[in-house]
Amino acid sequence: MESDSYKTITDRGDGLYKEKGSKFIAIAFHVNSEEDVKQRLSEVRKEYFDARHHCYAYVLGANKSQFRANDDGEPSGSAGKPILNQIYSFELTNVLVIVVRYFGGIKLGVSGLVTAYKVAAREALTNAPSEIKTVDEYLGISFTYPLMNEVMRIMKEENLQQLNQKFELDCYFEIKCRKNDIKKIAEKLEKIYGVNVKHLEMS
């Protein structure tokens with residue numbers, strides 16, 4: 001069974017690394033989409049408009065299926081990839097790390113750059129609070145009022161919460177549950193004759 005949980009950061013984290021006059025300012029953000037990534041990049045480029053490089057990497061999706069690393073003019077593989085590898089080593093997703101470099105006049109060489117971007121990114125991620133989140137899906141439950149007690153018994157057993165409830169002659173509410181539990185819960189509810197269960201697509 002594939003995992004229905006993932007680890008992400010919940011707030012911004014900052015890091016700083018200095019080497020031979022160069023300054024590497026790292027910022028880690030929680031992001032949910034490529035649009036979020038573009039917005040954060042735009043904000044950081046405006047704030048640090050006079051910096052030589054704005055290198056970054058991000059990972060998106062519970063299964064970490066979307067990712068990108070960008071060297072922004074640094075030698076190939078010396079900036080974006082070390083940042084991306086730090087996100088992976090922290091086992092995070094839905095995360096963007098941008099490292100802004102102010103050039104100090106002395107070249108660091110590729111290995112020096114790899115170290116600088118790696119350490120700055122690691123510090124930003126270390127300083128960002130993180131948490132485990134679940135991949136949730138939703139069911140719509142409809143039934144007649146006399147079935148209320150049976151439905152509520154399952155709700156209590158599975159520790160489920162009602163959302164968007166409408167209780168009239170016919171009753172309806174929605175529930176949120178972990179992806180890996182949804183089949184089991186739907187089957188339990190469908191065993192009650194007269195209960196209609198629908199899998200909902202929630203944006």
# chains A, B, ... in the order shown; residues from 1 in each chain; ligands from 1
>>> residues_around(residues="Gly21 (chain A)", least_positions_apart="4", cutoff="8 Å", atoms="only C-alpha atoms", output="count of residues only")
4
>>> closest_atom_pairs(of="region 7-69 of chain A", to="region 107-126 of chain A", cutoff="6 Å", atoms="only C-alpha atoms", output="CSV")
residue,atom,partner,partner_atom,distance
A:Gly13,CA,A:Ala124,CA,4.7
A:Asp14,CA,A:Ala124,CA,4.1
A:Gly15,CA,A:Ala124,CA,4.1
A:Leu16,CA,A:Ala120,CA,5.3
A:Tyr17,CA,A:Ala120,CA,5.3
A:Ala26,CA,A:Ala120,CA,5.5
A:Ile27,CA,A:Ala124,CA,5.7
A:Ala28,CA,A:Ala124,CA,5.7
>>> atom_distance(atom1="CA of Cys171 (chain A)", atom2="CA of Arg153 (chain A)")
15.2 Å
>>> closest_atom_pairs(of="region 87-183 of chain A", to="region 6-10 of chain A", cutoff="8 Å", atoms="only C-alpha atoms", output="JSON lines")
{"residue": "A:Glu91", "atom": "CA", "partner": "A:Lys7", "partner_atom": "CA", "distance": 6.7}
{"residue": "A:Leu92", "atom": "CA", "partner": "A:Thr8", "partner_atom": "CA", "distance": 5.1}
{"residue": "A:Thr93", "atom": "CA", "partner": "A:Thr8", "partner_atom": "CA", "distance": 5.3}
{"residue": "A:Asn94", "atom": "CA", "partner": "A:Thr8", "partner_atom": "CA", "distance": 6.1}
{"residue": "A:Val95", "atom": "CA", "partner": "A:Thr8", "partner_atom": "CA", "distance": 6.7}
{"residue": "A:Ala128", "atom": "CA", "partner": "A:Ile9", "partner_atom": "CA", "distance": 6.1}
{"residue": "A:Pro129", "atom": "CA", "partner": "A:Ile9", "partner_atom": "CA", "distance": 5.5}
{"residue": "A:Ser130", "atom": "CA", "partner": "A:Ile9", "partner_atom": "CA", "distance": 4.0}
{"residue": "A:Glu131", "atom": "CA", "partner": "A:Lys7", "partner_atom": "CA", "distance": 5.7}
{"residue": "A:Ile132", "atom": "CA", "partner": "A:Lys7", "partner_atom": "CA", "distance": 4.4}
{"residue": "A:Lys133", "atom": "CA", "partner": "A:Tyr6", "partner_atom": "CA", "distance": 5.4}
{"residue": "A:Thr134", "atom": "CA", "partner": "A:Tyr6", "partner_atom": "CA", "distance": 6.3}
{"residue": "A:Val135", "atom": "CA", "partner": "A:Tyr6", "partner_atom": "CA", "distance": 7.7}
>>> closest_residue(among="A:Leu84, A:Leu169, A:Ser5, A:Leu60", to="Asp36 (chain A)", atoms="only C-alpha atoms")
A:Leu60
>>> closest_residue(among="A:Val37, A:Phe173, A:Ile87, A:Ile192", to="Ile154 (chain A)", atoms="only C-alpha atoms")
A:Ile192
>>> select_by_dssp(residues="chain A", states="helix (DSSP H, G or I)", output="JSON, numbers by chain")
{"A": [34, 35, 36, 37, 38, 39, 40, 41, 42, 43, 44, 45, 46, 47, 80, 81, 82, 83, 84, 85, 86, 87, 88, 89, 109, 110, 111, 112, 113, 114, 115, 116, 117, 118, 119, 120, 121, 122, 123, 124, 125, 126, 145, 146, 147, 148, 149, 150, 151, 152, 153, 154, 155, 156, 157, 179, 180, 181, 182, 183, 184, 185, 186, 187, 188, 189, 190]}
>>> residues_around(residues="Ile141 (chain A)", least_positions_apart="2", cutoff="10 Å", atoms="only C-alpha atoms", output="PDB file with C-alpha atoms, in the first residue's frame")
ATOM      1  CA  TYR A 138     -13.854  12.693   0.919  1.00  0.00           C
ATOM      2  CA  LEU A 139     -17.095  10.711   0.906  1.00  0.00           C
ATOM      3  CA  PHE A 143     -29.546   8.105   4.046  1.00  0.00           C
ATOM      4  CA  VAL A 151     -24.434   5.465  10.559  1.00  0.00           C
ATOM      5  CA  GLN A 162     -19.035  15.280   9.783  1.00  0.00           C
ATOM      6  CA  GLN A 165     -24.220  18.304   7.141  1.00  0.00           C
ATOM      7  CA  CYS A 171     -29.869  13.171   5.799  1.00  0.00           C
ATOM      8  CA  TYR A 172     -26.597  14.067   4.107  1.00  0.00           C
ATOM      9  CA  PHE A 173     -23.088  14.863   5.231  1.00  0.00           C
ATOM     10  CA  GLU A 174     -19.522  14.527   4.049  1.00  0.00           C
ATOM     11  CA  ILE A 175     -16.557  12.926   5.770  1.00  0.00           C
ATOM     12  CA  ALA A 186     -17.090   3.143   2.384  1.00  0.00           C
ATOM     13  CA  LEU A 189     -21.266   2.240   5.450  1.00  0.00           C
ATOM     14  CA  GLU A 190     -22.565   0.537   2.299  1.00  0.00           C
ATOM     15  CA  VAL A 195     -27.106   4.200   2.824  1.00  0.00           C
ATOM     16  CA  ASN A 196     -25.713   5.755  -0.345  1.00  0.00           C
ATOM     17  CA  VAL A 197     -21.957   6.509  -0.398  1.00  0.00           C
ATOM     18  CA  LYS A 198     -20.324   8.667  -3.069  1.00  0.00           C
ATOM     19  CA  HIS A 199     -16.605   9.331  -3.553  1.00  0.00           C
TER      20      HIS A 199
END
>>> closest_residue(among="A:Glu43, A:Ala57, A:Phe49, A:Lys23", to="Gly77 (chain A)", atoms="only C-alpha atoms")
A:Ala57
>>> select_by_dssp(residues="region 6-170 of chain A", states="strand (DSSP E or B)", output="PyMOL selection string")
chain A and resi 6-9+13-19+22-30+53-60+66-70+95-102+130-134+136-144+162-167+170
>>> residues_around(residues="His53 (chain A)", least_positions_apart="3", cutoff="9 Å", atoms="only C-alpha atoms", output="VMD selection string")
chain A and resid 71 to 74 99 to 103
